[in-house]
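Structure below is final-v5.cif: mmCIF, C-alpha atoms.
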```
data_work
loop_
_atom_site.label_atom_id
_atom_site.label_comp_id
_atom_site.auth_asym_id
_atom_site.auth_seq_id
_atom_site.Cartn_x
_atom_site.Cartn_y
_atom_site.Cartn_z
CA MET X 1 -20.96 -1.41 15.20
CA MET X 2 -18.21 -0.24 12.97
CA VAL X 3 -18.90 1.58 9.76
CA CYS X 4 -17.00 0.89 6.59
CA PHE X 5 -15.51 4.00 5.01
CA SER X 6 -14.01 4.20 1.57
CA GLY X 7 -11.64 6.89 2.89
CA GLN X 8 -10.68 4.59 5.70
CA ARG X 9 -9.91 1.76 3.27
CA HIS X 10 -7.85 4.19 1.21
CA PHE X 11 -5.95 5.27 4.29
CA LEU X 12 -5.36 1.69 5.40
CA ARG X 13 -3.93 0.80 1.99
CA LEU X 14 -1.69 3.86 2.08
CA LEU X 15 -0.55 2.94 5.56
CA SER X 16 0.18 -0.63 4.50
CA VAL X 17 2.25 0.39 1.50
CA ALA X 18 4.08 3.06 3.49
CA SER X 19 4.89 0.40 6.06
CA LEU X 20 6.14 -2.03 3.45
CA LEU X 21 8.23 0.61 1.71
CA LEU X 22 9.73 1.66 5.00
CA ILE X 23 11.11 -1.85 5.29
CA VAL X 24 13.25 -1.12 2.25
CA SER X 25 14.98 1.80 3.87
CA SER X 26 15.31 0.40 7.35
CA THR X 27 18.01 -1.81 8.75
CA PRO X 28 17.66 -3.58 12.06
CA VAL X 29 19.14 -2.18 15.21
CA TRP X 30 19.71 -4.09 18.39
CA ALA X 31 18.39 -2.24 21.38
CA MET X 32 15.90 -3.24 24.02
CA HIS X 33 15.73 -6.81 22.67
CA ILE X 34 17.32 -9.31 25.01
CA SER X 35 19.57 -11.49 22.89
CA GLU X 36 19.59 -15.27 22.69
CA GLY X 37 21.31 -16.96 25.62
CA ILE X 38 21.46 -14.00 28.00
CA LEU X 39 18.72 -15.19 30.35
CA PRO X 40 19.10 -18.47 32.28
CA ALA X 41 16.50 -21.08 31.30
CA ASN X 42 14.39 -20.73 34.47
CA TRP X 43 14.13 -16.96 34.07
CA ALA X 44 13.41 -17.23 30.35
CA GLY X 45 10.63 -19.72 31.16
CA LEU X 46 9.19 -17.51 33.89
CA TRP X 47 8.77 -14.57 31.49
CA PHE X 48 6.99 -16.84 28.99
CA VAL X 49 4.57 -17.83 31.76
CA ILE X 50 3.99 -14.17 32.66
CA ALA X 51 3.47 -13.19 29.01
CA ALA X 52 1.04 -16.06 28.26
CA PRO X 53 -2.14 -14.71 29.97
CA PHE X 54 -1.67 -11.32 28.30
CA LEU X 55 -1.34 -13.05 24.93
CA TYR X 56 -4.50 -15.05 25.60
CA TRP X 57 -6.33 -11.87 26.63
CA GLY X 58 -5.13 -10.09 23.48
CA ILE X 59 -6.13 -12.90 21.11
CA ARG X 60 -9.54 -13.15 22.78
CA GLU X 61 -10.08 -9.41 22.48
CA ILE X 62 -9.08 -9.38 18.81
CA LYS X 63 -11.56 -12.20 18.13
CA ILE X 64 -14.41 -10.45 19.97
CA LYS X 65 -13.78 -7.07 18.38
CA SER X 66 -13.37 -8.61 14.91
CA ARG X 67 -16.78 -10.24 15.24
CA LYS X 68 -18.32 -6.86 16.08
CA ALA X 69 -16.36 -4.89 13.49
CA PRO X 70 -14.96 -6.73 10.44
CA GLN X 71 -12.57 -3.87 9.65
CA TYR X 72 -10.86 -4.26 13.01
CA LYS X 73 -8.72 -7.27 12.05
CA PRO X 74 -7.02 -5.73 8.97
CA PHE X 75 -6.49 -2.55 10.95
CA VAL X 76 -4.82 -4.57 13.73
CA ALA X 77 -2.61 -6.23 11.09
CA LEU X 78 -1.54 -2.85 9.74
CA VAL X 79 -0.78 -1.49 13.18
CA GLY X 80 1.22 -4.70 13.73
CA ALA X 81 3.27 -3.95 10.59
CA ALA X 82 3.92 -0.47 11.97
CA VAL X 83 5.06 -1.91 15.34
CA PHE X 84 7.38 -4.31 13.51
CA ILE X 85 9.01 -1.51 11.53
CA ILE X 86 9.20 1.02 14.35
CA SER X 87 10.78 -1.54 16.67
CA CYS X 88 13.68 -2.20 14.30
CA MET X 89 14.21 1.35 13.05
CA PRO X 90 17.68 2.53 14.05
CA ILE X 91 17.95 6.10 15.27
CA PRO X 92 21.38 7.53 16.15
CA VAL X 93 21.44 9.54 19.35
CA PRO X 94 24.28 12.10 19.04
CA VAL X 95 24.59 12.73 22.79
CA ALA X 96 25.26 9.07 23.49
CA GLY X 97 27.02 7.96 20.29
CA THR X 98 24.78 4.93 20.12
CA CYS X 99 21.73 3.85 18.16
CA SER X 100 18.44 2.64 19.50
CA HIS X 101 14.86 2.30 18.38
CA PRO X 102 11.43 3.41 19.49
CA VAL X 103 8.92 0.67 20.34
CA GLY X 104 5.65 1.85 18.81
CA THR X 105 3.53 0.06 21.38
CA GLY X 106 2.18 3.25 22.95
CA LEU X 107 0.69 4.37 19.65
CA ALA X 108 -0.54 0.85 18.89
CA ALA X 109 -2.23 0.62 22.30
CA ILE X 110 -4.11 3.88 21.66
CA LEU X 111 -5.25 2.66 18.25
CA VAL X 112 -6.19 -0.98 18.88
CA GLY X 113 -6.10 -1.39 22.66
CA PRO X 114 -3.33 -2.57 25.01
CA ALA X 115 -4.14 -6.31 25.08
CA PRO X 116 -4.16 -6.70 21.25
CA THR X 117 -0.89 -4.74 21.23
CA VAL X 118 0.70 -7.56 23.25
CA VAL X 119 -0.23 -9.94 20.41
CA LEU X 120 1.17 -7.52 17.82
CA SER X 121 4.40 -7.21 19.78
CA SER X 122 4.74 -10.97 20.00
CA VAL X 123 4.30 -11.34 16.22
CA ALA X 124 6.81 -8.55 15.50
CA LEU X 125 9.32 -9.95 18.00
CA THR X 126 8.96 -13.50 16.67
CA LEU X 127 9.61 -12.37 13.09
CA GLN X 128 12.59 -10.31 14.22
CA ALA X 129 14.01 -13.24 16.21
CA LEU X 130 13.51 -15.66 13.30
CA PHE X 131 14.60 -13.61 10.31
CA LEU X 132 16.54 -10.57 11.50
CA ALA X 133 18.82 -12.04 14.17
CA HIS X 134 17.15 -9.52 16.45
CA GLY X 135 16.30 -10.65 19.98
CA GLY X 136 15.97 -14.37 20.56
CA LEU X 137 13.52 -17.25 20.64
CA THR X 138 14.39 -18.27 24.20
CA THR X 139 14.12 -14.65 25.37
CA LEU X 140 10.89 -14.03 23.47
CA GLY X 141 8.77 -14.16 26.63
CA ALA X 142 10.91 -11.52 28.32
CA ASP X 143 10.88 -9.32 25.22
CA ILE X 144 7.07 -9.61 24.99
CA VAL X 145 6.76 -8.55 28.62
CA THR X 146 9.00 -5.51 28.13
CA MET X 147 7.70 -4.24 24.80
CA GLY X 148 4.18 -5.63 24.75
CA VAL X 149 3.00 -5.71 28.33
CA ALA X 150 4.95 -2.88 30.01
CA GLY X 151 5.10 -0.62 26.94
CA ALA X 152 1.50 -1.06 25.83
CA PHE X 153 -0.26 -1.07 29.20
CA LEU X 154 1.68 1.81 30.77
CA GLY X 155 1.50 3.85 27.56
CA TYR X 156 -2.22 3.25 27.29
CA GLY X 157 -2.66 3.86 31.02
CA ILE X 158 -1.11 7.31 30.84
CA PHE X 159 -3.18 8.13 27.73
CA TRP X 160 -6.38 7.09 29.51
CA LEU X 161 -5.43 9.00 32.65
CA ALA X 162 -4.50 12.14 30.72
CA ARG X 163 -7.81 12.07 28.81
CA ARG X 164 -9.74 11.59 32.05
CA MET X 165 -7.92 14.64 33.46
CA GLY X 166 -9.10 16.68 30.48
CA ILE X 167 -5.70 16.90 28.78
CA SER X 168 -5.91 17.18 24.98
CA ALA X 169 -5.69 13.98 22.95
CA LEU X 170 -2.54 15.21 21.23
CA VAL X 171 -0.66 15.73 24.51
CA ALA X 172 -2.06 12.45 25.82
CA ALA X 173 -0.74 10.63 22.73
CA PHE X 174 2.65 12.30 23.25
CA LEU X 175 2.71 11.12 26.86
CA ALA X 176 1.70 7.61 25.78
CA GLY X 177 4.64 7.47 23.37
CA VAL X 178 7.12 8.75 25.95
CA VAL X 179 5.90 6.48 28.75
CA SER X 180 5.69 3.36 26.57
CA ASP X 181 9.29 3.86 25.44
CA TRP X 182 10.69 4.50 28.89
CA ALA X 183 8.59 1.73 30.45
CA THR X 184 9.92 -0.77 27.92
CA TYR X 185 13.51 0.01 28.77
CA ALA X 186 12.79 0.13 32.50
CA ALA X 187 11.22 -3.33 32.24
CA THR X 188 14.25 -4.58 30.27
CA SER X 189 16.48 -3.26 33.06
CA PHE X 190 14.37 -5.04 35.68
CA ILE X 191 14.35 -8.35 33.80
CA LEU X 192 18.12 -8.25 33.32
CA ALA X 193 18.74 -7.22 36.91
CA SER X 194 16.42 -9.88 38.31
CA ALA X 195 18.15 -12.65 36.36
CA LEU X 196 21.75 -11.45 36.61
CA HIS X 197 22.18 -9.65 39.94
CA MET X 198 23.49 -12.78 41.72
CA ASP X 199 25.00 -11.66 45.05
CA ALA X 200 24.58 -7.97 44.35
CA SER X 201 21.43 -6.07 45.26
CA LEU X 202 18.62 -6.38 42.71
CA TRP X 203 17.69 -2.71 42.95
CA SER X 204 21.26 -1.50 42.73
CA MET X 205 21.80 -3.46 39.51
CA PHE X 206 18.41 -2.34 38.21
CA GLY X 207 19.41 1.28 38.83
CA THR X 208 22.79 0.80 37.16
CA ILE X 209 21.32 -0.72 33.99
CA LEU X 210 18.52 1.84 33.90
CA LEU X 211 21.02 4.68 34.18
CA ALA X 212 23.05 3.19 31.34
CA PHE X 213 19.96 3.38 29.11
CA VAL X 214 19.22 7.00 30.04
CA PRO X 215 21.55 8.91 27.63
CA THR X 216 20.05 7.07 24.65
CA GLN X 217 16.47 6.53 25.70
CA LEU X 218 15.76 9.88 27.31
CA PRO X 219 15.88 11.78 24.00
CA LEU X 220 14.54 8.82 22.04
CA GLY X 221 11.51 8.58 24.34
CA VAL X 222 10.70 12.22 23.63
CA LEU X 223 11.09 11.51 19.91
CA GLU X 224 8.72 8.57 20.24
CA GLY X 225 6.24 10.86 21.98
CA ILE X 226 6.41 13.30 19.05
CA LEU X 227 6.02 10.38 16.62
CA SER X 228 2.97 9.09 18.48
CA ALA X 229 1.36 12.53 18.71
CA GLY X 230 2.05 13.18 15.01
CA ALA X 231 0.60 9.84 13.93
CA TYR X 232 -2.42 10.33 16.19
CA ARG X 233 -3.03 13.82 14.81
CA PHE X 234 -2.67 12.59 11.22
CA ILE X 235 -5.14 9.74 11.70
CA HIS X 236 -7.49 11.92 13.73
CA PHE X 237 -7.72 14.59 11.03
CA ARG X 238 -7.64 12.26 8.06
CA ILE X 239 -10.12 9.65 9.29
CA PRO X 240 -11.81 10.93 12.45
CA GLU X 241 -14.39 8.13 12.17
CA LEU X 242 -11.60 5.62 12.60
CA MET X 243 -10.50 7.09 15.89
CA LYS X 244 -14.07 7.22 17.10
CA THR X 245 -14.87 3.64 16.24
CA GLN X 246 -11.51 2.14 17.14
CA PHE X 247 -10.92 4.02 20.35
CA LEU X 248 -14.36 4.50 21.82
CA SER X 249 -15.71 1.09 20.95
CA GLY X 250 -12.53 -0.88 20.47
CA GLY X 251 -9.55 0.47 22.23
CA SER X 252 -10.92 1.51 25.53
CA SER X 253 -11.47 -1.86 27.08
CA MET C 1 4.34 29.30 -0.23
CA ARG C 2 5.83 31.02 2.80
CA LYS C 3 4.83 28.10 5.00
CA THR C 4 6.57 25.67 2.63
CA PHE C 5 9.69 27.82 2.69
CA VAL C 6 9.72 27.91 6.50
CA VAL C 7 9.25 24.14 6.67
CA CYS C 8 12.05 23.54 4.13
CA VAL C 9 14.44 25.83 6.05
CA ALA C 10 13.54 24.12 9.34
CA VAL C 11 14.11 20.66 7.87
CA ALA C 12 17.42 21.76 6.31
CA LEU C 13 18.61 23.27 9.61
CA LEU C 14 17.56 20.12 11.45
CA ALA C 15 19.42 17.91 8.97
CA VAL C 16 22.59 20.03 9.16
CA GLY C 17 22.35 20.13 12.96
CA ALA C 18 21.92 16.36 13.15
CA TRP C 19 24.84 15.80 10.75
CA LEU C 20 27.11 18.13 12.77
CA ALA C 21 26.09 16.48 16.03
CA ILE C 22 26.78 13.02 14.60
CA GLU C 23 30.15 14.14 13.21
CA MET C 24 31.19 15.70 16.52
CA THR C 25 30.11 12.76 18.67
CA GLU C 26 32.61 10.07 19.45
CA GLY C 27 30.88 6.75 19.36
CA ASP C 28 30.60 3.58 17.32
CA TRP C 29 26.83 3.98 16.85
CA GLY C 30 26.22 0.45 18.01
CA GLY C 31 22.90 -0.56 19.51
CA VAL C 32 22.30 -0.20 23.24
CA ASP C 33 21.98 -3.95 23.45
CA GLU C 34 25.74 -4.14 22.95
CA SER C 35 26.65 -1.19 25.13
CA VAL C 36 24.13 -1.94 27.88
CA VAL C 37 22.35 -5.32 27.71
CA GLU C 38 25.25 -7.50 26.58
CA HIS C 39 27.76 -5.49 28.59
CA TYR C 40 25.99 -6.16 31.89
CA ALA C 41 25.15 -9.73 30.89
CA GLU C 42 28.83 -10.44 30.21
CA GLU C 43 29.78 -8.89 33.53
CA ALA C 44 27.41 -11.36 35.15
CA GLY C 45 28.92 -14.24 33.19
CA ARG C 46 26.15 -14.63 30.61
CA SER C 47 27.21 -14.02 27.03
CA ALA C 48 24.79 -13.69 24.15
CA ARG C 49 25.03 -16.49 21.63
CA ASP C 50 24.23 -16.58 17.94
CA PRO C 51 20.55 -16.73 17.04
CA TYR C 52 19.16 -20.07 15.85
CA ILE C 53 18.63 -18.61 12.37
CA ASN C 54 21.50 -16.21 11.93
CA THR C 55 20.79 -13.85 9.06
CA ASP C 56 23.36 -11.39 10.34
CA GLN C 57 26.10 -12.78 8.12
CA GLY C 58 27.59 -10.80 5.27
CA ASP C 59 24.89 -9.47 2.99
CA LEU C 60 22.29 -12.04 4.01
CA LEU C 61 20.38 -9.50 6.07
CA LEU C 62 20.32 -7.13 3.11
CA PHE C 63 18.85 -9.97 1.06
CA VAL C 64 16.04 -10.43 3.60
CA PHE C 65 15.30 -6.71 3.41
CA LEU C 66 15.50 -6.82 -0.37
CA LEU C 67 12.87 -9.56 -0.42
CA ALA C 68 10.60 -7.58 1.90
CA GLY C 69 11.17 -4.45 -0.21
CA ALA C 70 10.45 -6.31 -3.44
CA CYS C 71 7.18 -7.66 -2.01
CA GLY C 72 6.23 -4.18 -0.77
CA GLY C 73 7.08 -2.62 -4.12
CA PHE C 74 5.06 -5.26 -5.96
CA VAL C 75 2.00 -4.66 -3.76
CA ALA C 76 2.38 -0.88 -4.16
CA GLY C 77 2.66 -1.19 -7.95
CA TYR C 78 -0.24 -3.62 -8.19
CA SER C 79 -2.51 -1.35 -6.14
CA PHE C 80 -1.23 1.95 -7.55
CA LYS C 81 -4.57 3.09 -8.96
CA THR C 82 -6.46 2.15 -5.84
CA LEU C 83 -3.94 3.83 -3.64
CA PHE C 84 -3.42 7.09 -5.42
CA SER C 85 -6.79 7.65 -7.06
CA ARG C 86 -8.59 10.65 -5.61
CA LYS C 87 -11.98 9.15 -6.42
CA ARG C 88 -13.85 8.09 -3.31
CA GLY C 89 -17.07 6.19 -2.93
CA PRO C 90 -19.95 7.31 -0.74
CA SER C 91 -19.70 6.52 2.95
CA ALA C 92 -21.81 3.56 3.97
CA THR C 93 -23.14 2.88 7.41
#
```

Mind converting the file's structure to structure tokens?
Amino acid sequence: MMVCFSGQRHFLRLLSVASLLLIVSSTPVWAMHISEGILPANWAGLWFVIAAPFLYWGIREIKIKSRKAPQYKPFVALVGAAVFIISCMPIPVPVAGTCSHPVGTGLAAILVGPAPTVVLSSVALTLQALFLAHGGLTTLGADIVTMGVAGAFLGYGIFWLARRMGISALVAAFLAGVVSDWATYAATSFILASALHMDASLWSMFGTILLAFVPTQLPLGVLEGILSAGAYRFIHFRIPELMKTQFLSGGSS
Amino acid sequence: MRKTFVVCVAVALLAVGAWLAIEMTEGDWGGVDESVVEHYAEEAGRSARDPYINTDQGDLLLFVFLLAGACGGFVAGYSFKTLFSRKRGPSAT
């Protein structure tokens, strides 16, 4: 089903090296990741249970698509490297005086599909929790739900909806980036509020935490949208065949 | 040529603007996990604890990044010709 392009291979190698070199210049930032010990054990366990079917779905989809198109698996790996780097790339937000990071799952969902993006997020988050003191192993399930499930599915959903409404792919990719970023932080707010609200109202605490994210994530979400649209445009013009094969046959499930 | 000039000026203006904005902003540039996630968690009586493998000690984290960078540099050097050669094979279906 999928054709093998020399240009595509060239692009994938360039992308891989760019990703690896980016690691050199990046330092981790702690943002939407829920740190070790913050969630009580029962809540941490619940989010693992919620994340598990999405992970299974993602692994299954990667296997099926890889059988149909051998180039799909290395491409998924490269997009995974990009998600790993983007999700620990510190960006200072002058208005807020804080740093935060984009999530990259909106772009990944457009390129490889939302369910495989959950798997990519889980790999990136596990590596960050193990080696970068970023996030936590006990809170991994919650972090997968925020970045992988909420970010990827809502980002992809808005992209799909925008395309169905006849909006250009570039604008749709921008919207996917913005929505995936904001959805990730909204989900983080909900997870924190649900576990920590105690006697207070869940929705009042959710609103408070969400509002606290706004000064940083509002501009950063727009930046992530621009990043997603730029990356989409670059790939679309450089290797249009890739978009056609990945999105139409692979990513649209 | 003109396009390059416009792009360079735009990038320079953006960089100066960002630098000025950063200089004028009062903030410790910490992550929002500290200012938001951990702040509200501590208010609720749940403090974050050290990760099981804590690489955030001294220059250890830099070492991890150095290793990743060294591996990336090695791969880039090893595949330099493949990566930067303009020669392309015919498309196969």

Return the neighbours of chain X among the residues of chain C, cut-off 9 Å, counting all atoms listed in the file, as a tab-separated table (two decimals) with C-alpha atoms, in the coordinates of the input.
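To be explicit, this is the file written out as part-v1.tsv:
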```
chain	number	residue	atom	x	y	z
C	18	ALA	CA	21.92	16.36	13.15
C	21	ALA	CA	26.09	16.48	16.03
C	22	ILE	CA	26.78	13.02	14.60
C	23	GLU	CA	30.15	14.14	13.21
C	24	MET	CA	31.19	15.70	16.52
C	25	THR	CA	30.11	12.76	18.67
C	26	GLU	CA	32.61	10.07	19.45
C	27	GLY	CA	30.88	6.75	19.36
C	28	ASP	CA	30.60	3.58	17.32
C	29	TRP	CA	26.83	3.98	16.85
C	30	GLY	CA	26.22	0.45	18.01
C	31	GLY	CA	22.90	-0.56	19.51
C	32	VAL	CA	22.30	-0.20	23.24
C	33	ASP	CA	21.98	-3.95	23.45
C	34	GLU	CA	25.74	-4.14	22.95
C	35	SER	CA	26.65	-1.19	25.13
C	36	VAL	CA	24.13	-1.94	27.88
C	37	VAL	CA	22.35	-5.32	27.71
C	38	GLU	CA	25.25	-7.50	26.58
C	40	TYR	CA	25.99	-6.16	31.89
C	41	ALA	CA	25.15	-9.73	30.89
C	42	GLU	CA	28.83	-10.44	30.21
C	43	GLU	CA	29.78	-8.89	33.53
C	44	ALA	CA	27.41	-11.36	35.15
C	45	GLY	CA	28.92	-14.24	33.19
C	46	ARG	CA	26.15	-14.63	30.61
C	47	SER	CA	27.21	-14.02	27.03
C	48	ALA	CA	24.79	-13.69	24.15
C	49	ARG	CA	25.03	-16.49	21.63
C	50	ASP	CA	24.23	-16.58	17.94
C	51	PRO	CA	20.55	-16.73	17.04
C	52	TYR	CA	19.16	-20.07	15.85
C	53	ILE	CA	18.63	-18.61	12.37
C	54	ASN	CA	21.50	-16.21	11.93
C	55	THR	CA	20.79	-13.85	9.06
C	56	ASP	CA	23.36	-11.39	10.34
C	61	LEU	CA	20.38	-9.50	6.07
C	62	LEU	CA	20.32	-7.13	3.11
C	64	VAL	CA	16.04	-10.43	3.60
C	65	PHE	CA	15.30	-6.71	3.41
C	66	LEU	CA	15.50	-6.82	-0.37
C	67	LEU	CA	12.87	-9.56	-0.42
C	68	ALA	CA	10.60	-7.58	1.90
C	69	GLY	CA	11.17	-4.45	-0.21
C	70	ALA	CA	10.45	-6.31	-3.44
C	71	CYS	CA	7.18	-7.66	-2.01
C	72	GLY	CA	6.23	-4.18	-0.77
C	73	GLY	CA	7.08	-2.62	-4.12
C	75	VAL	CA	2.00	-4.66	-3.76
C	76	ALA	CA	2.38	-0.88	-4.16
C	79	SER	CA	-2.51	-1.35	-6.14
C	82	THR	CA	-6.46	2.15	-5.84
C	83	LEU	CA	-3.94	3.83	-3.64
C	84	PHE	CA	-3.42	7.09	-5.42
C	88	ARG	CA	-13.85	8.09	-3.31
C	89	GLY	CA	-17.07	6.19	-2.93
C	90	PRO	CA	-19.95	7.31	-0.74
C	91	SER	CA	-19.70	6.52	2.95
C	92	ALA	CA	-21.81	3.56	3.97
C	93	THR	CA	-23.14	2.88	7.41
```

Open item on the list: One decimal, in Å: what's the spacing between atom CA of Leu175 of chain X and atom CA of Met89 of chain X?
Closed with: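 Going from atom CA of Leu175 of chain X over to atom CA of Met89 of chain X, I get 20.5 Å.
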
Task: Exercise: Ala52 of chain X partners within 12 Å, all atoms listed in the file, chain neighbours under 2 positions left out, as a VMD selection string - done: chain X and resid 45 to 50 54 to 59 115 118 to 119 122 140 to 142 144 to 145 148 to 149

Open item on the list: Report, in Å with one decimal, the straight-line distance from atom CA of Val179 of chain X to atom CA of Gly155 of chain X.
Closed with: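 So the two atoms, atom CA of Val179 of chain X and atom CA of Gly155 of chain X, lie 5.3 Å apart.
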
- [ ] Name all residues at most 7 Å from segment 76-84 of chain X (count only C-alpha atoms; drop same-chain ones fewer than 4 positions away) and give them as an MDAnalysis selection string.
- [x] chainID X and resid 16 19 72 88 103:105 108 112 120:121 124

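Taking atom CA of Gly177 of chain X and atom CA of Ile86 of chain X as the two end points, the separation is 12.0 Å.
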
Could you add whatever atoms are missing so that segment 174-186 of chain X carries N, CA, C and O atoms, then write the result as a PDB file, in the coordinates of the input?
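That gives us out19.pdb:
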```
ATOM      1  N   PHE X 174       1.219  12.042  23.031  1.00  0.00           N
ATOM      2  CA  PHE X 174       2.650  12.300  23.250  1.00  0.00           C
ATOM      3  C   PHE X 174       3.129  11.585  24.518  1.00  0.00           C
ATOM      4  O   PHE X 174       4.143  10.881  24.509  1.00  0.00           O
ATOM      5  N   LEU X 175       2.354  11.754  25.584  1.00  0.00           N
ATOM      6  CA  LEU X 175       2.710  11.120  26.860  1.00  0.00           C
ATOM      7  C   LEU X 175       2.728   9.589  26.733  1.00  0.00           C
ATOM      8  O   LEU X 175       3.606   8.921  27.289  1.00  0.00           O
ATOM      9  N   ALA X 176       1.760   9.072  25.979  1.00  0.00           N
ATOM     10  CA  ALA X 176       1.700   7.610  25.780  1.00  0.00           C
ATOM     11  C   ALA X 176       2.966   7.116  25.100  1.00  0.00           C
ATOM     12  O   ALA X 176       3.535   6.088  25.490  1.00  0.00           O
ATOM     13  N   GLY X 177       3.419   7.848  24.083  1.00  0.00           N
ATOM     14  CA  GLY X 177       4.640   7.470  23.370  1.00  0.00           C
ATOM     15  C   GLY X 177       5.849   7.505  24.283  1.00  0.00           C
ATOM     16  O   GLY X 177       6.648   6.555  24.323  1.00  0.00           O
ATOM     17  N   VAL X 178       5.976   8.591  25.045  1.00  0.00           N
ATOM     18  CA  VAL X 178       7.120   8.750  25.950  1.00  0.00           C
ATOM     19  C   VAL X 178       7.121   7.633  27.005  1.00  0.00           C
ATOM     20  O   VAL X 178       8.133   6.942  27.204  1.00  0.00           O
ATOM     21  N   VAL X 179       5.983   7.455  27.641  1.00  0.00           N
ATOM     22  CA  VAL X 179       5.900   6.480  28.750  1.00  0.00           C
ATOM     23  C   VAL X 179       6.107   5.049  28.242  1.00  0.00           C
ATOM     24  O   VAL X 179       6.801   4.254  28.884  1.00  0.00           O
ATOM     25  N   SER X 180       5.533   4.730  27.074  1.00  0.00           N
ATOM     26  CA  SER X 180       5.690   3.360  26.570  1.00  0.00           C
ATOM     27  C   SER X 180       7.161   3.070  26.281  1.00  0.00           C
ATOM     28  O   SER X 180       7.653   1.969  26.561  1.00  0.00           O
ATOM     29  N   ASP X 181       7.862   4.049  25.740  1.00  0.00           N
ATOM     30  CA  ASP X 181       9.290   3.860  25.440  1.00  0.00           C
ATOM     31  C   ASP X 181      10.092   3.665  26.722  1.00  0.00           C
ATOM     32  O   ASP X 181      10.840   2.689  26.871  1.00  0.00           O
ATOM     33  N   TRP X 182       9.928   4.574  27.639  1.00  0.00           N
ATOM     34  CA  TRP X 182      10.690   4.500  28.890  1.00  0.00           C
ATOM     35  C   TRP X 182      10.313   3.265  29.696  1.00  0.00           C
ATOM     36  O   TRP X 182      11.181   2.627  30.307  1.00  0.00           O
ATOM     37  N   ALA X 183       9.029   2.909  29.690  1.00  0.00           N
ATOM     38  CA  ALA X 183       8.590   1.730  30.450  1.00  0.00           C
ATOM     39  C   ALA X 183       9.210   0.460  29.885  1.00  0.00           C
ATOM     40  O   ALA X 183       9.588  -0.447  30.634  1.00  0.00           O
ATOM     41  N   THR X 184       9.323   0.406  28.558  1.00  0.00           N
ATOM     42  CA  THR X 184       9.920  -0.770  27.920  1.00  0.00           C
ATOM     43  C   THR X 184      11.358  -0.967  28.381  1.00  0.00           C
ATOM     44  O   THR X 184      11.777  -2.076  28.741  1.00  0.00           O
ATOM     45  N   TYR X 185      12.105   0.114  28.387  1.00  0.00           N
ATOM     46  CA  TYR X 185      13.510   0.010  28.770  1.00  0.00           C
ATOM     47  C   TYR X 185      13.683  -0.180  30.285  1.00  0.00           C
ATOM     48  O   TYR X 185      14.637  -0.828  30.719  1.00  0.00           O
ATOM     49  N   ALA X 186      12.756   0.372  31.051  1.00  0.00           N
ATOM     50  CA  ALA X 186      12.790   0.130  32.500  1.00  0.00           C
ATOM     51  C   ALA X 186      12.513  -1.347  32.778  1.00  0.00           C
ATOM     52  O   ALA X 186      13.172  -1.970  33.620  1.00  0.00           O
TER      53      ALA X 186
END
```
